[in-house]
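**Student:** What follows is a structure written as C-alpha cells; I'll ask about it next.
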Amino acid sequence: MDKAVQALRSSHYFSAFKCLYEKSKSARQGFTKLIQYAVRQEIKRLDLGVINLSKPLNEGTLDEFSWKPFIDASDKCIPTLTSAIKAALTPTPRKEIKVAIDEKNHVGPLLPAYGTLLANMLHVRFPTRVNFMQNIVSIEMYRSGCNHKIFRWFNRLGLCRSVTTTQRVIDDLCANYDSKIKNWKNNVQIDAGNLRAVRVPVRDDNSSGGSSEGSSISSDVTIGYAESSPNDTIDEDSHGNDDLESDTDGSHVHDDLDGIVPLLESSVIDDQHDPVDQ
C-alpha cells in the first residue's frame with residue numbers, strides 16, 4: 001500500500017492503480033464498479049450525430065462509408081468502452097495495431113470485427129438510431145434468400161433488422177434507382193413525341209452514269225415520325241403507374257448492392273424505442 005500511496009503523491013496514477021488492483025480484492029471490485037460508471041456516463045453523453053453509423057442507408061452513404069471516421073469518433077467519445085474492447089481482442093498493447101488504421105490508411109485485420117462489435121453494442125443500446133450496419137447485413141440476408149426464422153434469430157442477437165423493416169429499407173434504397181429509370185423512360189417518350197419528319201441526305205449512285213465513283217449527294221429520303229396521340233399507351237397499368245415491379249423481391253434489389261459485402265470486409269430490436277437515461 002505504501003508503494004501505491006507514493007505513486008499517487010508522484011502523480012503516477014497508472015502505477016498506483018495497478019498496485020491497488022493487484023494487491024487488494026476490494027480495490028478490484030471498486031475498479032469494476034468505476035468502469036461500469038465510466039462507460040454509462042460516456043454512453044449517456046454520446047452524440048450520435050458524430051457516430052456515422054446513425055445515418056440512413058442509401059447510395060450516397062454507402063459510397064462515403066469508411067471505418068476511420070467511426071473508429072476515431074468512438075475513441076474520442078467513448079474511450080473507456082473502446083479501450084476495453086480492444087484489450088479483449090488483443091493480448092498486448094503493441095498488438096492493438098490490429099484494430100487500428102495506420103498513417104497509410106491500412107486497415108488492421110481485426111478492425112472490421114472490432115467495428116462490428118462496437119456497432120452491435122450501440123445498436124442494442126439505441127436500436128432506432130444506430131442501425132447502419134444492421135441494414136447492410138439485413139439486405140445481404142434478404143438477397144441470399146434467408147427465411148423469416150433466421151431473420152428473427154439474428155434480429156434478437158442485434159445483427160440485423162426485422163423482415164418488415166428490411167423490406168422498407170430495400171424499398172427506400174431502390175426508390176432513387178427506380179426514379180432514374182422512370183425519368184429516363186419519360187424523357188425518351190417526350191423526345192419521341194416532339195420529333196417531326198426529317199429529311200436525310202443520301203448518296204445517289206446513278207448520278208454519274210451508274211458508277212459509284214464521283215457520285216454526289218443528289219437526293220433526300222424523308223423519315224417520318226408519328227406524333228404521340230392521347231390514345232397511345234406508355235406501358236402503364238390501370239392506375240397510371242409505370243409498368244415496373246412494385247412488390248419487393250430479391251431481384252428488385254439492383255446490382256449496386258453487390259458492393260455491400262466488400263464494404264463489410266473492409267468493414268427483437270426494431271420494435272423497441274431507445275431507452276431513456278434516468
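Numbering starts fresh at 1 for the residues of each chain in the C-alpha cells, the chains themselves are lettered A, B, ... in the order given, and ligands are numbered from 1 as they appear.
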Using only C-alpha atoms, which protein or nucleic acid residues come within 10 Å of region 17-24 of chain A? Drop anything in the same chain fewer than 3 positions from it, and give the result as a count of residues only.
**Tutor:** 15
**Student:** Any idea what's packed within 10 Å of Asp172 (chain A), counting only C-alpha atoms, ignoring anything in its chain fewer than 6 positions away? Could you give it as a PDB file with N, CA, C and O atoms, in the first residue's frame?
**Tutor:**
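The result, written out as out_34.pdb:
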```pdb
ATOM      1  N   PRO A  56     -28.938   7.296 -42.459  1.00  0.00           N
ATOM      2  CA  PRO A  56     -29.722   6.327 -43.238  1.00  0.00           C
ATOM      3  C   PRO A  56     -28.881   5.654 -44.310  1.00  0.00           C
ATOM      4  O   PRO A  56     -27.853   6.175 -44.743  1.00  0.00           O
ATOM      5  N   LEU A  57     -29.349   4.495 -44.738  1.00  0.00           N
ATOM      6  CA  LEU A  57     -28.646   3.734 -45.769  1.00  0.00           C
ATOM      7  C   LEU A  57     -29.157   4.138 -47.138  1.00  0.00           C
ATOM      8  O   LEU A  57     -30.338   4.012 -47.436  1.00  0.00           O
ATOM      9  N   ASN A  58     -28.264   4.658 -47.988  1.00  0.00           N
ATOM     10  CA  ASN A  58     -28.593   4.973 -49.370  1.00  0.00           C
ATOM     11  C   ASN A  58     -27.316   4.887 -50.195  1.00  0.00           C
ATOM     12  O   ASN A  58     -26.242   4.589 -49.666  1.00  0.00           O
ATOM     13  N   THR A 166     -36.603  -4.625 -42.992  1.00  0.00           N
ATOM     14  CA  THR A 166     -35.692  -4.872 -44.115  1.00  0.00           C
ATOM     15  C   THR A 166     -36.365  -4.556 -45.442  1.00  0.00           C
ATOM     16  O   THR A 166     -35.750  -3.940 -46.332  1.00  0.00           O
TER      17      THR A 166
END
```
**Student:** When DSSP is applied to the backbone of this structure, which of region 21-94 of chain A are assigned alpha helix (DSSP H)? Write them out as a ChimeraX atom specification.
**Tutor:** /A:21-23,25-45,59-64,67-77,79-89
**Student:** Have a look at CA of Cys160 (chain A) and CA of Thr116 (chain A) and let me know their distance in Å, one decimal.
**Tutor:**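 For CA of Cys160 (chain A) relative to CA of Thr116 (chain A), the distance reads 11.6 Å.
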**Student:** Within 12 Å of Phe154 (chain A), counting only C-alpha atoms, which residues show up once you throw out same-chain ones fewer than 2 positions away? Write them as a list in words, please.
**Tutor:** Asn120, Gln134, Val137, Ser138, Met141, Cys146, Asn147, His148, Lys149, Ile150, Phe151, Arg152, Arg156, Leu157, Gly158, Leu159, Cys160, Arg161, Ser162, Val163, Val268, Ile269 and Asp270 of chain A
**Student:** Limited to C-alpha atoms, could you put the picked residues into a file as a PDB file, in the first residue's frame?
**Tutor:**
```pdb
ATOM      1  CA  ASN A 120     -23.837  -4.031 -32.459  1.00  0.00           C
ATOM      2  CA  GLN A 134     -27.675  -3.910 -39.380  1.00  0.00           C
ATOM      3  CA  VAL A 137     -26.478  -7.226 -43.091  1.00  0.00           C
ATOM      4  CA  SER A 138     -30.270  -7.412 -43.473  1.00  0.00           C
ATOM      5  CA  MET A 141     -29.514 -11.808 -45.911  1.00  0.00           C
ATOM      6  CA  CYS A 146     -32.730 -16.286 -45.719  1.00  0.00           C
ATOM      7  CA  ASN A 147     -36.061 -17.332 -44.266  1.00  0.00           C
ATOM      8  CA  HIS A 148     -38.037 -15.475 -41.603  1.00  0.00           C
ATOM      9  CA  LYS A 149     -36.793 -17.705 -38.796  1.00  0.00           C
ATOM     10  CA  ILE A 150     -33.166 -16.731 -39.495  1.00  0.00           C
ATOM     11  CA  PHE A 151     -34.178 -13.072 -39.524  1.00  0.00           C
ATOM     12  CA  ARG A 152     -35.891 -13.452 -36.145  1.00  0.00           C
ATOM     13  CA  ARG A 156     -32.726 -10.831 -31.397  1.00  0.00           C
ATOM     14  CA  LEU A 157     -28.924 -11.002 -31.443  1.00  0.00           C
ATOM     15  CA  GLY A 158     -28.763  -7.423 -32.695  1.00  0.00           C
ATOM     16  CA  LEU A 159     -27.189  -8.450 -36.007  1.00  0.00           C
ATOM     17  CA  CYS A 160     -29.965  -7.461 -38.416  1.00  0.00           C
ATOM     18  CA  ARG A 161     -33.360  -5.773 -38.715  1.00  0.00           C
ATOM     19  CA  SER A 162     -36.732  -7.497 -38.786  1.00  0.00           C
ATOM     20  CA  VAL A 163     -38.182  -8.740 -42.094  1.00  0.00           C
ATOM     21  CA  VAL A 268     -36.473  -8.184 -31.148  1.00  0.00           C
ATOM     22  CA  ILE A 269     -34.879  -4.772 -31.613  1.00  0.00           C
ATOM     23  CA  ASP A 270     -36.621  -2.826 -34.370  1.00  0.00           C
TER      24      ASP A 270
END
```
**Student:** If you count only C-alpha atoms, which residues fall within 12 Å of Arg40 (chain A), apart from same-chain ones fewer than 3 positions away, as a list in words?
**Tutor:** Lys33, Leu34, Ile35, Gln36, Tyr37, Ile43, Lys44, Arg45, Leu46, Cys77, Ile78, Pro79, Thr80, Leu81, Arg125, Asp277 and Gln278 of chain A
